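Worksheet: the structure to be examined is printed underneath.
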Amino acid sequence: MKELLLKITLTIKPSYGYQTAIVLKENHFYYTDNLGRGAQFISQNANFESALSADEYNYLIGDLKDIKISALPPYVGGLDGTTFELDIENGFNKTSFTWWGKCPDSWKPLEALANRLTEYAKKLQKE
């Protein structure tokens with residue numbers, strides 16, 4: 001897989017509150033919170049961005065190219081909760097996954113990817 005143009009976007013949309021976006025693009029990591037309220041960032045900088053080492057990048061994408069999942073998620077419905085959107089782009093090709101609340105069991109590798117991204121954002125926030 002040529003990863004030069006790889007872009008992964010995780011958007012977290014709680015029922016109440018403002019959404020968060022985490023973007024991994026090439027060897028850069030971006031995190032914004034409170035989208036829709038002027039995109040307040042987690043640092044004092046106008047733009048929060050972190051360059052990634054090859055090891056950090058490889059850890060974050062994990063075994064992405066080897067993941068095999070069902071294209072048909074199980075039905076779920078409800079009123080309050082959090083929606084997760086995971087978009088994976090490589091060049092002109094793109095795939096999107098959306099789940100509400102608990103990630104479907106058949107999509108657990110995607111949840112693992114989302115967890116790595118959010119944990120890395122938390123780590124950078126503490127630095």
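Within each chain, counting starts at residue 1; across the structure tokens, chains are named A, B, ... in the order shown, with ligands numbered 1 upward in that order.
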Using only C-alpha atoms, what does the table of range 7-35 of chain A residues within 12 Å of range 70-90 of chain A look like, with each row giving the shortest atom pair and its distance in Å to one decimal, sorted by chain and ascending number, as JSON lines?
```
{"residue": "A:Lys7", "atom": "CA", "partner": "A:Glu89", "partner_atom": "CA", "distance": 5.0}
{"residue": "A:Ile8", "atom": "CA", "partner": "A:Ile88", "partner_atom": "CA", "distance": 4.6}
{"residue": "A:Thr9", "atom": "CA", "partner": "A:Asp87", "partner_atom": "CA", "distance": 5.1}
{"residue": "A:Leu10", "atom": "CA", "partner": "A:Leu86", "partner_atom": "CA", "distance": 4.6}
{"residue": "A:Thr11", "atom": "CA", "partner": "A:Glu85", "partner_atom": "CA", "distance": 5.1}
{"residue": "A:Ile12", "atom": "CA", "partner": "A:Phe84", "partner_atom": "CA", "distance": 4.8}
{"residue": "A:Lys13", "atom": "CA", "partner": "A:Thr83", "partner_atom": "CA", "distance": 5.0}
{"residue": "A:Pro14", "atom": "CA", "partner": "A:Thr82", "partner_atom": "CA", "distance": 4.1}
{"residue": "A:Ser15", "atom": "CA", "partner": "A:Gly81", "partner_atom": "CA", "distance": 5.5}
{"residue": "A:Tyr16", "atom": "CA", "partner": "A:Asp80", "partner_atom": "CA", "distance": 8.1}
{"residue": "A:Gly17", "atom": "CA", "partner": "A:Thr82", "partner_atom": "CA", "distance": 10.0}
{"residue": "A:Tyr18", "atom": "CA", "partner": "A:Thr82", "partner_atom": "CA", "distance": 10.7}
{"residue": "A:Gln19", "atom": "CA", "partner": "A:Thr83", "partner_atom": "CA", "distance": 9.4}
{"residue": "A:Thr20", "atom": "CA", "partner": "A:Phe84", "partner_atom": "CA", "distance": 9.8}
{"residue": "A:Ala21", "atom": "CA", "partner": "A:Glu85", "partner_atom": "CA", "distance": 9.4}
{"residue": "A:Ile22", "atom": "CA", "partner": "A:Leu86", "partner_atom": "CA", "distance": 9.6}
{"residue": "A:Val23", "atom": "CA", "partner": "A:Asp87", "partner_atom": "CA", "distance": 9.4}
{"residue": "A:Leu24", "atom": "CA", "partner": "A:Ile88", "partner_atom": "CA", "distance": 9.6}
{"residue": "A:Lys25", "atom": "CA", "partner": "A:Glu89", "partner_atom": "CA", "distance": 9.3}
{"residue": "A:Glu26", "atom": "CA", "partner": "A:Asn90", "partner_atom": "CA", "distance": 10.0}
```
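Around range 107-116 of chain A, within 7 Å and counting only C-alpha atoms, the residues found are Leu10, Leu60, Ile61, Ile67 and Ile69 of chain A, once anything fewer than 6 positions away on its own chain is removed.
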Would you return as a ChimeraX atom specification the members of chain A that DSSP assigns to alpha helix (DSSP H) on this structure's backbone?
-> /A:54-61,108-126
